[in-house]
>>> print(open('protein_31.json').read())   # JSON, C-alpha atoms and all ligand atoms
[["chain", "number", "residue", "atom", "x", "y", "z"],
["A", 1, "MET", "CA", -111.98, -174.28, 189.57],
["A", 2, "LYS", "CA", -113.33, -176.64, 192.19],
["A", 3, "ASP", "CA", -113.94, -180.21, 191.03],
["A", 4, "ASN", "CA", -117.60, -180.06, 192.00],
["A", 5, "LEU", "CA", -118.20, -177.23, 189.52],
["A", 6, "LYS", "CA", -117.12, -179.42, 186.60],
["A", 7, "ILE", "CA", -119.87, -181.15, 184.70],
["A", 8, "LEU", "CA", -117.48, -183.81, 183.42],
["A", 9, "ASP", "CA", -114.15, -184.77, 184.92],
["A", 10, "VAL", "CA", -111.99, -187.61, 183.65],
["A", 11, "ARG", "CA", -108.76, -188.62, 185.40],
["A", 12, "GLY", "CA", -106.22, -191.18, 184.19],
["A", 13, "LEU", "CA", -108.60, -193.13, 181.96],
["A", 14, "TRP", "CA", -107.25, -196.36, 180.47],
["A", 15, "VAL", "CA", -109.22, -198.56, 178.07],
["A", 16, "HIS", "CA", -107.91, -201.93, 176.98],
["A", 17, "LEU", "CA", -109.02, -204.46, 174.45],
["A", 18, "CYS", "CA", -109.14, -207.54, 176.64],
["A", 19, "SER", "CA", -109.03, -210.91, 174.98],
["A", 20, "GLY", "CA", -107.86, -213.85, 177.06],
["A", 21, "LYS", "CA", -104.64, -212.88, 178.80],
["A", 22, "LYS", "CA", -103.84, -210.26, 176.16],
["A", 23, "GLN", "CA", -104.59, -206.63, 176.89],
["A", 24, "ILE", "CA", -104.09, -204.10, 174.12],
["A", 25, "PRO", "CA", -104.25, -200.45, 175.23],
["A", 26, "LEU", "CA", -106.66, -198.28, 173.25],
["A", 27, "LEU", "CA", -106.78, -195.26, 175.60],
["A", 28, "ARG", "CA", -103.74, -194.45, 177.72],
["A", 29, "ASP", "CA", -104.01, -192.25, 180.79],
["A", 30, "VAL", "CA", -106.49, -189.74, 179.32],
["A", 31, "SER", "CA", -107.57, -186.84, 181.53],
["A", 32, "LEU", "CA", -109.89, -183.98, 180.67],
["A", 33, "SER", "CA", -112.43, -181.75, 182.32],
["A", 34, "LEU", "CA", -115.37, -179.74, 181.15],
["A", 35, "GLU", "CA", -117.15, -176.89, 182.86],
["A", 36, "PRO", "CA", -120.91, -176.43, 182.36],
["A", 37, "GLY", "CA", -121.42, -174.68, 179.03],
["A", 38, "GLU", "CA", -117.79, -175.12, 177.91],
["A", 39, "ILE", "CA", -116.79, -176.37, 174.44],
["A", 40, "LEU", "CA", -113.78, -178.67, 174.16],
["A", 41, "GLY", "CA", -112.37, -179.92, 170.87],
["A", 42, "VAL", "CA", -110.75, -183.35, 170.53],
["A", 43, "VAL", "CA", -108.65, -183.82, 167.40],
["A", 44, "GLY", "CA", -106.41, -186.57, 166.10],
["A", 45, "GLN", "CA", -105.67, -188.62, 163.03],
["A", 46, "SER", "CA", -107.67, -191.69, 162.13],
["A", 47, "GLY", "CA", -107.14, -194.42, 164.75],
["A", 48, "ALA", "CA", -105.97, -191.95, 167.44],
["A", 49, "GLY", "CA", -108.71, -193.14, 169.82],
["A", 50, "LYS", "CA", -111.25, -190.31, 169.51],
["A", 51, "THR", "CA", -114.30, -192.53, 169.08],
["A", 52, "MET", "CA", -113.07, -194.85, 171.85],
["A", 53, "LEU", "CA", -112.90, -191.81, 174.12],
["A", 54, "ALA", "CA", -116.38, -190.62, 173.09],
["A", 55, "ARG", "CA", -117.87, -194.07, 173.73],
["A", 56, "SER", "CA", -116.05, -194.45, 177.08],
["A", 57, "LEU", "CA", -117.42, -191.11, 178.31],
["A", 58, "ALA", "CA", -120.98, -192.25, 177.61],
["A", 59, "GLY", "CA", -120.59, -195.76, 179.05],
["A", 60, "LEU", "CA", -120.99, -197.20, 175.56],
["A", 61, "LEU", "CA", -117.90, -199.37, 175.20],
["A", 62, "SER", "CA", -118.66, -202.85, 174.02],
["A", 63, "PRO", "CA", -116.62, -205.92, 174.97],
["A", 64, "PRO", "CA", -113.82, -206.79, 174.52],
["A", 65, "ALA", "CA", -113.01, -203.07, 175.00],
["A", 66, "ARG", "CA", -113.35, -201.96, 178.62],
["A", 67, "VAL", "CA", -112.25, -199.30, 181.08],
["A", 68, "THR", "CA", -109.36, -200.74, 183.10],
["A", 69, "ALA", "CA", -108.33, -197.71, 185.17],
["A", 70, "GLY", "CA", -109.25, -194.12, 185.85],
["A", 71, "LYS", "CA", -112.17, -192.09, 187.09],
["A", 72, "ILE", "CA", -115.09, -190.52, 185.24],
["A", 73, "ARG", "CA", -117.29, -188.06, 187.15],
["A", 74, "TYR", "CA", -120.46, -186.41, 185.88],
["A", 75, "GLY", "CA", -121.56, -183.47, 188.04],
["A", 76, "GLY", "CA", -119.27, -184.80, 190.77],
["A", 77, "LYS", "CA", -120.82, -188.30, 190.69],
["A", 78, "LEU", "CA", -118.39, -191.16, 190.12],
["A", 79, "LEU", "CA", -119.36, -193.19, 187.06],
["A", 80, "ASP", "CA", -116.60, -195.65, 186.22],
["A", 81, "GLY", "CA", -117.67, -199.12, 187.19],
["A", 82, "ALA", "CA", -121.25, -197.85, 187.46],
["A", 83, "GLU", "CA", -124.05, -200.30, 186.75],
["A", 84, "PRO", "CA", -125.67, -200.11, 183.28],
["A", 85, "ALA", "CA", -128.80, -198.65, 184.92],
["A", 86, "ALA", "CA", -126.80, -195.67, 186.19],
["A", 87, "TRP", "CA", -125.42, -195.00, 182.70],
["A", 88, "ASN", "CA", -128.87, -195.47, 181.14],
["A", 89, "SER", "CA", -130.42, -192.87, 183.41],
["A", 90, "LEU", "CA", -127.65, -190.40, 182.53],
["A", 91, "ARG", "CA", -127.64, -190.91, 178.78],
["A", 92, "GLY", "CA", -129.95, -188.65, 176.84],
["A", 93, "ARG", "CA", -130.54, -185.73, 179.18],
["A", 94, "GLY", "CA", -127.19, -185.95, 180.99],
["A", 95, "ILE", "CA", -124.79, -187.04, 178.26],
["A", 96, "PHE", "CA", -125.93, -187.27, 174.66],
["A", 97, "VAL", "CA", -123.72, -188.72, 171.91],
["A", 98, "MET", "CA", -124.00, -187.72, 168.28],
["A", 99, "PHE", "CA", -122.52, -190.76, 166.59],
["A", 100, "GLN", "CA", -119.95, -190.71, 163.84],
["A", 101, "SER", "CA", -121.63, -193.58, 162.06],
["A", 102, "ALA", "CA", -125.06, -192.79, 160.70],
["A", 103, "VAL", "CA", -125.95, -196.47, 161.16],
["A", 104, "GLN", "CA", -125.63, -196.17, 164.94],
["A", 105, "ALA", "CA", -127.28, -192.78, 165.10],
["A", 106, "LEU", "CA", -130.95, -193.51, 164.57],
["A", 107, "ASN", "CA", -133.20, -196.48, 165.17],
["A", 108, "PRO", "CA", -133.73, -197.98, 161.69],
["A", 109, "SER", "CA", -137.18, -199.36, 162.53],
["A", 110, "LEU", "CA", -138.77, -196.11, 163.75],
["A", 111, "THR", "CA", -139.81, -193.12, 161.67],
["A", 112, "VAL", "CA", -138.00, -189.84, 162.21],
["A", 113, "GLY", "CA", -141.18, -188.35, 163.71],
["A", 114, "ARG", "CA", -141.54, -191.18, 166.24],
["A", 115, "GLN", "CA", -137.88, -190.84, 167.33],
["A", 116, "LEU", "CA", -138.20, -187.10, 167.75],
["A", 117, "SER", "CA", -141.46, -187.35, 169.69],
["A", 118, "GLU", "CA", -139.82, -189.81, 172.09],
["A", 119, "ALA", "CA", -136.99, -187.30, 172.61],
["A", 120, "VAL", "CA", -139.56, -184.54, 173.23],
["A", 121, "ALA", "CA", -141.28, -186.69, 175.89],
["A", 122, "VAL", "CA", -137.96, -187.39, 177.65],
["A", 123, "GLY", "CA", -136.91, -183.74, 177.36],
["A", 124, "ARG", "CA", -140.03, -182.58, 179.18],
["A", 125, "LYS", "CA", -139.13, -184.54, 182.30],
["A", 126, "PRO", "CA", -136.76, -182.99, 184.81],
["A", 127, "GLY", "CA", -133.22, -184.25, 184.26],
["A", 128, "PRO", "CA", -129.61, -183.72, 185.34],
["A", 129, "GLY", "CA", -127.39, -180.91, 184.19],
["A", 130, "GLN", "CA", -129.49, -178.59, 182.04],
["A", 131, "ARG", "CA", -131.00, -175.16, 182.42],
["A", 132, "GLN", "CA", -134.74, -175.00, 182.75],
["A", 133, "LYS", "CA", -135.31, -172.75, 179.73],
["A", 134, "ALA", "CA", -137.77, -174.35, 177.29],
["A", 135, "GLY", "CA", -136.39, -175.12, 173.84],
["A", 136, "PRO", "CA", -137.90, -175.92, 170.46],
["A", 137, "GLY", "CA", -140.25, -178.85, 170.75],
["A", 138, "GLN", "CA", -140.79, -178.10, 174.45],
["A", 139, "GLY", "CA", -143.67, -175.65, 174.04],
["A", 140, "ARG", "CA", -146.98, -176.84, 175.41],
["A", 141, "LYS", "CA", -149.21, -174.91, 173.06],
["A", 142, "ALA", "CA", -151.77, -177.34, 171.64],
["A", 143, "ASP", "CA", -151.53, -175.85, 168.14],
["A", 144, "VAL", "CA", -147.74, -176.37, 167.80],
["A", 145, "ASP", "CA", -146.57, -179.84, 166.80],
["A", 146, "PRO", "CA", -143.20, -180.20, 168.58],
["A", 147, "VAL", "CA", -141.80, -182.57, 165.93],
["A", 148, "ARG", "CA", -142.61, -180.15, 163.09],
["A", 149, "GLU", "CA", -141.14, -177.31, 165.15],
["A", 150, "LEU", "CA", -137.88, -179.23, 165.71],
["A", 151, "LEU", "CA", -137.59, -180.21, 162.06],
["A", 152, "GLY", "CA", -138.10, -176.56, 161.12],
["A", 153, "VAL", "CA", -135.39, -175.36, 163.53],
["A", 154, "VAL", "CA", -132.82, -177.69, 161.93],
["A", 155, "GLY", "CA", -133.91, -176.62, 158.44],
["A", 156, "LEU", "CA", -135.74, -179.78, 157.40],
["A", 157, "SER", "CA", -139.20, -180.24, 155.88],
["A", 158, "PRO", "CA", -141.95, -181.45, 158.24],
["A", 159, "ASP", "CA", -142.67, -184.18, 155.66],
["A", 160, "LEU", "CA", -139.53, -185.98, 156.88],
["A", 161, "ALA", "CA", -141.41, -186.99, 160.04],
["A", 162, "GLY", "CA", -142.99, -189.90, 158.17],
["A", 163, "ARG", "CA", -139.73, -191.24, 156.73],
["A", 164, "TYR", "CA", -137.47, -193.99, 158.01],
["A", 165, "PRO", "CA", -133.71, -193.38, 158.50],
["A", 166, "PHE", "CA", -132.79, -195.38, 155.37],
["A", 167, "GLU", "CA", -134.90, -192.95, 153.34],
["A", 168, "ILE", "CA", -132.88, -189.84, 154.24],
["A", 169, "SER", "CA", -129.37, -188.54, 153.47],
["A", 170, "GLY", "CA", -126.34, -188.42, 155.80],
["A", 171, "GLY", "CA", -126.66, -184.64, 156.21],
["A", 172, "MET", "CA", -130.33, -185.02, 157.14],
["A", 173, "LYS", "CA", -129.45, -187.71, 159.70],
["A", 174, "GLN", "CA", -126.93, -185.36, 161.32],
["A", 175, "ARG", "CA", -129.56, -182.60, 161.47],
["A", 176, "ILE", "CA", -132.01, -185.04, 163.07],
["A", 177, "GLN", "CA", -129.41, -185.96, 165.68],
["A", 178, "VAL", "CA", -129.07, -182.24, 166.43],
["A", 179, "ALA", "CA", -132.88, -181.92, 166.59],
["A", 180, "THR", "CA", -132.91, -184.78, 169.12],
["A", 181, "ALA", "CA", -130.27, -182.98, 171.18],
["A", 182, "LEU", "CA", -132.36, -179.77, 171.02],
["A", 183, "ALA", "CA", -135.36, -181.68, 172.38],
["A", 184, "LEU", "CA", -133.29, -183.20, 175.19],
["A", 185, "ARG", "CA", -131.05, -180.19, 176.04],
["A", 186, "PRO", "CA", -128.38, -182.44, 177.59],
["A", 187, "GLY", "CA", -125.80, -181.29, 180.11],
["A", 188, "VAL", "CA", -123.02, -182.62, 177.85],
["A", 189, "LEU", "CA", -123.17, -183.32, 174.13],
["A", 190, "ILE", "CA", -120.39, -185.45, 172.66],
["A", 191, "ALA", "CA", -120.38, -184.94, 168.90],
["A", 192, "ASP", "CA", -118.19, -187.52, 167.17],
["A", 193, "GLU", "CA", -117.21, -186.23, 163.70],
["A", 194, "PRO", "CA", -120.56, -184.42, 163.27],
["A", 195, "THR", "CA", -119.46, -182.63, 160.08],
["A", 196, "THR", "CA", -117.28, -185.31, 158.46],
["A", 197, "GLY", "CA", -118.49, -186.35, 155.03],
["A", 198, "LEU", "CA", -120.94, -183.46, 154.76],
["A", 199, "ASP", "CA", -120.87, -180.79, 152.05],
["A", 200, "PRO", "CA", -119.72, -177.30, 153.14],
["A", 201, "VAL", "CA", -123.30, -175.97, 153.49],
["A", 202, "ASN", "CA", -124.35, -178.83, 155.77],
["A", 203, "GLN", "CA", -121.08, -178.52, 157.73],
["A", 204, "GLU", "CA", -121.81, -174.87, 158.41],
["A", 205, "VAL", "CA", -125.42, -175.59, 159.39],
["A", 206, "ILE", "CA", -124.36, -178.31, 161.87],
["A", 207, "LEU", "CA", -121.66, -176.09, 163.41],
["A", 208, "GLY", "CA", -124.21, -173.26, 163.75],
["A", 209, "LEU", "CA", -126.80, -175.52, 165.38],
["A", 210, "LEU", "CA", -124.30, -176.97, 167.85],
["A", 211, "SER", "CA", -123.12, -173.47, 168.77],
["A", 212, "ALA", "CA", -126.76, -172.42, 169.31],
["A", 213, "LEU", "CA", -127.40, -175.45, 171.55],
["A", 214, "ASN", "CA", -124.38, -174.45, 173.61],
["A", 215, "ARG", "CA", -125.24, -170.74, 173.72],
["A", 216, "ASP", "CA", -128.99, -171.00, 174.29],
["A", 217, "PHE", "CA", -129.22, -173.97, 176.66],
["A", 218, "GLY", "CA", -125.78, -174.09, 178.28],
["A", 219, "THR", "CA", -125.03, -177.56, 176.91],
["A", 220, "ALA", "CA", -121.32, -178.33, 177.26],
["A", 221, "LEU", "CA", -119.85, -179.77, 174.07],
["A", 222, "ILE", "CA", -117.08, -182.20, 173.28],
["A", 223, "PHE", "CA", -116.48, -181.74, 169.57],
["A", 224, "VAL", "CA", -114.52, -184.67, 168.16],
["A", 225, "SER", "CA", -113.01, -184.45, 164.68],
["A", 226, "HIS", "CA", -109.91, -184.90, 162.56],
["A", 227, "ASP", "CA", -110.89, -181.57, 160.95],
["A", 228, "ILE", "CA", -108.79, -179.25, 163.10],
["A", 229, "ARG", "CA", -110.16, -176.22, 161.24],
["A", 230, "ALA", "CA", -113.79, -177.07, 162.13],
["A", 231, "VAL", "CA", -112.76, -177.77, 165.75],
["A", 232, "ALA", "CA", -110.89, -174.46, 166.00],
["A", 233, "CYS", "CA", -114.00, -172.67, 164.65],
["A", 234, "ILE", "CA", -116.22, -173.88, 167.45],
["A", 235, "SER", "CA", -113.99, -174.53, 170.48],
["A", 236, "ARG", "CA", -111.65, -172.25, 172.39],
["A", 237, "LYS", "CA", -109.64, -175.17, 173.75],
["A", 238, "MET", "CA", -108.64, -178.49, 172.26],
["A", 239, "LEU", "CA", -106.91, -181.77, 173.03],
["A", 240, "VAL", "CA", -104.78, -183.55, 170.45],
["A", 241, "MET", "CA", -104.76, -187.36, 170.57],
["A", 242, "GLU", "CA", -102.23, -189.77, 169.15],
["A", 243, "GLN", "CA", -102.19, -193.54, 169.69],
["A", 244, "GLY", "CA", -104.74, -193.35, 172.49],
["A", 245, "ARG", "CA", -102.90, -190.60, 174.40],
["A", 246, "VAL", "CA", -103.48, -186.88, 174.81],
["A", 247, "VAL", "CA", -100.25, -185.45, 173.37],
["A", 248, "GLU", "CA", -101.13, -181.77, 173.39],
["A", 249, "ALA", "CA", -103.72, -179.58, 175.09],
["A", 250, "GLY", "CA", -104.23, -175.85, 174.80],
["A", 251, "TYR", "CA", -106.08, -172.94, 173.24],
["A", 252, "SER", "CA", -107.23, -173.89, 169.74],
["A", 253, "ASP", "CA", -105.75, -170.81, 168.03],
["A", 254, "GLN", "CA", -102.35, -171.48, 169.62],
["A", 255, "VAL", "CA", -102.39, -175.19, 168.71],
["A", 256, "VAL", "CA", -103.23, -174.29, 165.08],
["A", 257, "ALA", "CA", -100.66, -171.43, 164.92],
["A", 258, "SER", "CA", -97.79, -173.40, 166.48],
["A", 259, "PRO", "CA", -98.51, -177.11, 166.86],
["A", 260, "ARG", "CA", -96.08, -178.87, 169.18],
["A", 261, "SER", "CA", -96.97, -182.53, 168.68],
["A", 262, "ALA", "CA", -96.44, -184.53, 165.47],
["A", 263, "GLY", "CA", -100.18, -185.35, 165.45],
["A", 264, "ALA", "CA", -101.22, -181.68, 165.54],
["A", 265, "ARG", "CA", -98.56, -180.71, 162.95],
["A", 266, "HIS", "CA", -99.90, -183.35, 160.58],
["A", 267, "LEU", "CA", -103.50, -182.10, 160.95],
["A", 268, "VAL", "CA", -102.43, -178.46, 160.47],
["A", 269, "ASP", "CA", -100.31, -179.34, 157.39],
["A", 270, "ASN", "CA", -103.31, -181.11, 155.87],
["A", 271, "MET", "CA", -105.51, -178.11, 156.64],
["A", 272, "ILE", "CA", -103.04, -175.78, 154.87],
["A", 273, "ARG", "CA", -102.84, -178.12, 151.87],
["A", 274, "LEU", "CA", -106.63, -178.13, 151.62],
["A", 275, "GLU", "CA", -106.79, -174.32, 151.96],
["A", 276, "GLU", "CA", -104.21, -173.92, 149.19],
["A", 277, "GLY", "CA", -106.09, -176.39, 147.02],
["A", 278, "ILE", "CA", -103.11, -178.77, 146.78],
["A", 279, "CYS", "CA", -104.25, -182.37, 146.41],
["A", 280, "PRO", "CA", -102.15, -184.87, 148.34],
["A", 301, "LIG", "N1", -114.23, -202.82, 168.07],
["A", 301, "LIG", "C1", -112.91, -202.71, 168.05],
["A", 301, "LIG", "N2", -112.11, -203.78, 168.25],
["A", 301, "LIG", "C2", -110.80, -203.67, 168.20],
["A", 301, "LIG", "N3", -110.13, -202.52, 168.03],
["A", 301, "LIG", "C3", -110.84, -201.43, 167.83],
["A", 301, "LIG", "C4", -112.26, -201.45, 167.80],
["A", 301, "LIG", "N4", -112.70, -200.20, 167.57],
["A", 301, "LIG", "C5", -111.59, -199.44, 167.43],
["A", 301, "LIG", "N5", -110.49, -200.18, 167.59],
["A", 301, "LIG", "C6", -109.11, -199.70, 167.55],
["A", 301, "LIG", "O1", -108.99, -198.67, 168.51],
["A", 301, "LIG", "C7", -108.14, -197.64, 168.02],
["A", 301, "LIG", "C8", -108.84, -196.32, 168.12],
["A", 301, "LIG", "O2", -109.97, -196.35, 167.26],
["A", 301, "LIG", "P1", -110.99, -195.13, 167.18],
["A", 301, "LIG", "O3", -112.17, -195.61, 166.41],
["A", 301, "LIG", "O4", -111.23, -194.60, 168.52],
["A", 301, "LIG", "O5", -110.16, -194.07, 166.31],
["A", 301, "LIG", "P2", -110.60, -192.62, 165.84],
["A", 301, "LIG", "O6", -109.60, -191.65, 166.36],
["A", 301, "LIG", "O7", -112.01, -192.38, 166.17],
["A", 301, "LIG", "O8", -110.42, -192.73, 164.25],
["A", 301, "LIG", "P3", -111.32, -192.10, 163.06],
["A", 301, "LIG", "O9", -110.82, -190.68, 162.86],
["A", 301, "LIG", "O10", -110.97, -192.96, 161.87],
["A", 301, "LIG", "O11", -112.74, -192.18, 163.42],
["A", 301, "LIG", "C9", -107.76, -198.03, 166.60],
["A", 301, "LIG", "O12", -106.47, -198.58, 166.64],
["A", 301, "LIG", "C10", -108.77, -199.05, 166.21],
["A", 301, "LIG", "O13", -108.21, -199.99, 165.33],
["A", 302, "MG", "MG", -113.74, -192.09, 165.10]]
>>> encode(input="protein_31.json", output="structure tokens")
Amino acid sequence: MKDNLKILDVRGLWVHLCSGKKQIPLLRDVSLSLEPGEILGVVGQSGAGKTMLARSLAGLLSPPARVTAGKIRYGGKLLDGAEPAAWNSLRGRGIFVMFQSAVQALNPSLTVGRQLSEAVAVGRKPGPGQRQKAGPGQGRKADVDPVRELLGVVGLSPDLAGRYPFEISGGMKQRIQVATALALRPGVLIADEPTTGLDPVNQEVILGLLSALNRDFGTALIFVSHDIRAVACISRKMLVMEQGRVVEAGYSDQVVASPRSAGARHLVDNMIRLEEGICP
């Protein structure tokens, strides 16, 4: 496939923790590419660098961590070294991140309804990378409240609109992040551990909603998790990370059936232990 048909293309990305003269590598020579509407899984044990990668791809690294080499292109446009304004205009409708930490996910001082209505307003403007099909919350009928509609689509009560983030559960916060993504219909959604810590029912709901976002609006997904089973459910291809490197890449079913790297073997062994009900 030609480079210009990729929505996201990352070549030789290095991220270092830079303090004084010391530079500690956090991401080492990571490359990946994503076609519009594709789903890519990123798996790895804790500390493998998955969140660092997610943050780098959205221009959200905070000092002393910074990109030291490599190229990131969104829709063919070079982004590494881009000014904050360029990243700001891309985030949201271009690249949307579902954060691993619920604390980072939602603005603590705004009600859920206010946050969703802001997303609806942004989603109505033309933006990069998404199909034009209207989604939930995008209807212009006067009698439909877009926030109530979005809450309904993610299986939440409309009464939640008046609550603040500290008044709702972790599973609800994840659903609200998905509702925000549905309002924005981004070109690329990076979901960092979207199902971790949720009960099985909520896990299934979130996986279903992310699949629907991908299927209905052509949003490309990067699904980041240490849960190789959840990743294999949703993505045809996956990358395995270990110590900031990509150590294996391939079709998810093949990686799960015959893992080649130590990192993938460890995740698959854990999955089998869980399936057999053997506590570590
Ligand atoms: N703010 C920071 N300052 C220094 N080191 C950091 C910082 N954040 C992460 N690291 C280090 O970067 C490495 C990668 O961390 P990262 O959070 O990306 O791992 P992860 O794969 O997302 O793990 P998890 O599955 O636990 O979320 C780790 O060695 C971690 O200690
Ligand atoms: Mg992480």
>>> residues_around(input="protein_31.json", residues="Cys233 (chain A)", least_positions_apart="4", cutoff="9 Å", atoms="only C-alpha atoms", output="ChimeraX atom specification")
/A:207,228-229,252
>>> residues_around(input="protein_31.json", residues="region 107-119 of chain A", least_positions_apart="6", cutoff="12 Å", atoms="only C-alpha atoms", output="ChimeraX atom specification")
/A:91-93,96,125,136-138,145-151,156-168,172-186
>>> residues_near_ligand(input="protein_31.json", ligand="ligand MG 302 (chain A)", cutoff="8 Å", atoms="all atoms listed in the file", output="MDAnalysis selection string")
chainID A and resid 46:47 49:52 100 192:193 225
>>> write_last_selection(input="protein_31.json", atoms="C-alpha atoms", output="PDB file, in the coordinates of the input")
ATOM      1  CA  SER A  46    -107.670-191.690 162.130  1.00  0.00           C
ATOM      2  CA  GLY A  47    -107.140-194.420 164.750  1.00  0.00           C
ATOM      3  CA  GLY A  49    -108.710-193.140 169.820  1.00  0.00           C
ATOM      4  CA  LYS A  50    -111.250-190.310 169.510  1.00  0.00           C
ATOM      5  CA  THR A  51    -114.300-192.530 169.080  1.00  0.00           C
ATOM      6  CA  MET A  52    -113.070-194.850 171.850  1.00  0.00           C
ATOM      7  CA  GLN A 100    -119.950-190.710 163.840  1.00  0.00           C
ATOM      8  CA  ASP A 192    -118.190-187.520 167.170  1.00  0.00           C
ATOM      9  CA  GLU A 193    -117.210-186.230 163.700  1.00  0.00           C
ATOM     10  CA  SER A 225    -113.010-184.450 164.680  1.00  0.00           C
TER      11      SER A 225
END
>>> residues_near_ligand(input="protein_31.json", ligand="ligand LIG 301 (chain A)", cutoff="10 Å", atoms="only C-alpha atoms and all ligand atoms", output="PyMOL selection string")
chain A and resi 15-18+24-27+42-56+61-65+100-101+192-193+196+224-227+241-244
>>> atom_distance(input="protein_31.json", atom1="CA of Asp216 (chain A)", atom2="CA of Asp9 (chain A)")
22.9 Å
>>> atom_distance(input="protein_31.json", atom1="CA of Gly123 (chain A)", atom2="CA of Ala220 (chain A)")
16.5 Å
>>> residues_near_point(input="protein_31.json", point="(-109.0, -193.4, 186.8)", cutoff="8 Å", atoms="all atoms listed in the file", output="short mmCIF file (atom, residue, chain, number, x, y, z; two decimals) with C-alpha atoms, keeping the file's coordinate frame")
data_model
loop_
_atom_site.label_atom_id
_atom_site.label_comp_id
_atom_site.auth_asym_id
_atom_site.auth_seq_id
_atom_site.Cartn_x
_atom_site.Cartn_y
_atom_site.Cartn_z
CA VAL A 10 -111.99 -187.61 183.65
CA ARG A 11 -108.76 -188.62 185.40
CA GLY A 12 -106.22 -191.18 184.19
CA LEU A 13 -108.60 -193.13 181.96
CA TRP A 14 -107.25 -196.36 180.47
CA ASP A 29 -104.01 -192.25 180.79
CA ALA A 69 -108.33 -197.71 185.17
CA GLY A 70 -109.25 -194.12 185.85
CA LYS A 71 -112.17 -192.09 187.09
CA ILE A 72 -115.09 -190.52 185.24
CA ASP A 80 -116.60 -195.65 186.22
#
>>> closest_residue(input="protein_31.json", among="A:Gly170, A:Gly250, A:Gly94, A:Gly263", to="Leu32 (chain A)", atoms="only C-alpha atoms")
A:Gly250
>>> atom_distance(input="protein_31.json", atom1="CA of Gly37 (chain A)", atom2="CA of Ile7 (chain A)")
8.7 Å
>>> decode(input="protein_31.json", residues="region 258-269 of chain A", atoms="N, CA, C and O atoms", output="PDB file, in the first residue's frame")
ATOM      1  N   SER A 258       0.917 -19.436  18.259  1.00  0.00           N
ATOM      2  CA  SER A 258       2.339 -19.810  18.375  1.00  0.00           C
ATOM      3  C   SER A 258       3.203 -18.568  18.577  1.00  0.00           C
ATOM      4  O   SER A 258       3.830 -18.065  17.641  1.00  0.00           O
ATOM      5  N   PRO A 259       3.186 -18.078  19.825  1.00  0.00           N
ATOM      6  CA  PRO A 259       3.967 -16.867  20.124  1.00  0.00           C
ATOM      7  C   PRO A 259       5.459 -17.124  19.965  1.00  0.00           C
ATOM      8  O   PRO A 259       5.955 -18.168  20.369  1.00  0.00           O
ATOM      9  N   ARG A 260       6.150 -16.159  19.356  1.00  0.00           N
ATOM     10  CA  ARG A 260       7.595 -16.342  19.110  1.00  0.00           C
ATOM     11  C   ARG A 260       8.435 -15.628  20.160  1.00  0.00           C
ATOM     12  O   ARG A 260       9.485 -16.105  20.546  1.00  0.00           O
ATOM     13  N   SER A 261       7.958 -14.475  20.634  1.00  0.00           N
ATOM     14  CA  SER A 261       8.764 -13.700  21.579  1.00  0.00           C
ATOM     15  C   SER A 261       8.436 -14.121  23.017  1.00  0.00           C
ATOM     16  O   SER A 261       7.342 -14.642  23.293  1.00  0.00           O
ATOM     17  N   ALA A 262       9.385 -13.868  23.921  1.00  0.00           N
ATOM     18  CA  ALA A 262       9.165 -14.193  25.336  1.00  0.00           C
ATOM     19  C   ALA A 262       7.975 -13.399  25.871  1.00  0.00           C
ATOM     20  O   ALA A 262       7.165 -13.919  26.636  1.00  0.00           O
ATOM     21  N   GLY A 263       7.863 -12.125  25.429  1.00  0.00           N
ATOM     22  CA  GLY A 263       6.771 -11.267  25.906  1.00  0.00           C
ATOM     23  C   GLY A 263       5.413 -11.848  25.523  1.00  0.00           C
ATOM     24  O   GLY A 263       4.499 -11.918  26.357  1.00  0.00           O
ATOM     25  N   ALA A 264       5.259 -12.278  24.280  1.00  0.00           N
ATOM     26  CA  ALA A 264       3.981 -12.831  23.823  1.00  0.00           C
ATOM     27  C   ALA A 264       3.704 -14.166  24.526  1.00  0.00           C
ATOM     28  O   ALA A 264       2.572 -14.448  24.927  1.00  0.00           O
ATOM     29  N   ARG A 265       4.760 -14.986  24.697  1.00  0.00           N
ATOM     30  CA  ARG A 265       4.580 -16.290  25.376  1.00  0.00           C
ATOM     31  C   ARG A 265       4.065 -16.090  26.799  1.00  0.00           C
ATOM     32  O   ARG A 265       3.158 -16.780  27.243  1.00  0.00           O
ATOM     33  N   HIS A 266       4.626 -15.084  27.474  1.00  0.00           N
ATOM     34  CA  HIS A 266       4.209 -14.801  28.843  1.00  0.00           C
ATOM     35  C   HIS A 266       2.720 -14.415  28.883  1.00  0.00           C
ATOM     36  O   HIS A 266       1.957 -14.904  29.716  1.00  0.00           O
ATOM     37  N   LEU A 267       2.310 -13.535  27.952  1.00  0.00           N
ATOM     38  CA  LEU A 267       0.907 -13.086  27.938  1.00  0.00           C
ATOM     39  C   LEU A 267      -0.030 -14.251  27.611  1.00  0.00           C
ATOM     40  O   LEU A 267      -1.103 -14.375  28.194  1.00  0.00           O
ATOM     41  N   VAL A 268       0.391 -15.112  26.670  1.00  0.00           N
ATOM     42  CA  VAL A 268      -0.457 -16.248  26.290  1.00  0.00           C
ATOM     43  C   VAL A 268      -0.542 -17.245  27.455  1.00  0.00           C
ATOM     44  O   VAL A 268      -1.622 -17.758  27.768  1.00  0.00           O
ATOM     45  N   ASP A 269       0.592 -17.502  28.136  1.00  0.00           N
ATOM     46  CA  ASP A 269       0.574 -18.421  29.291  1.00  0.00           C
ATOM     47  C   ASP A 269      -0.380 -17.921  30.369  1.00  0.00           C
ATOM     48  O   ASP A 269      -1.145 -18.689  30.945  1.00  0.00           O
TER      49      ASP A 269
END
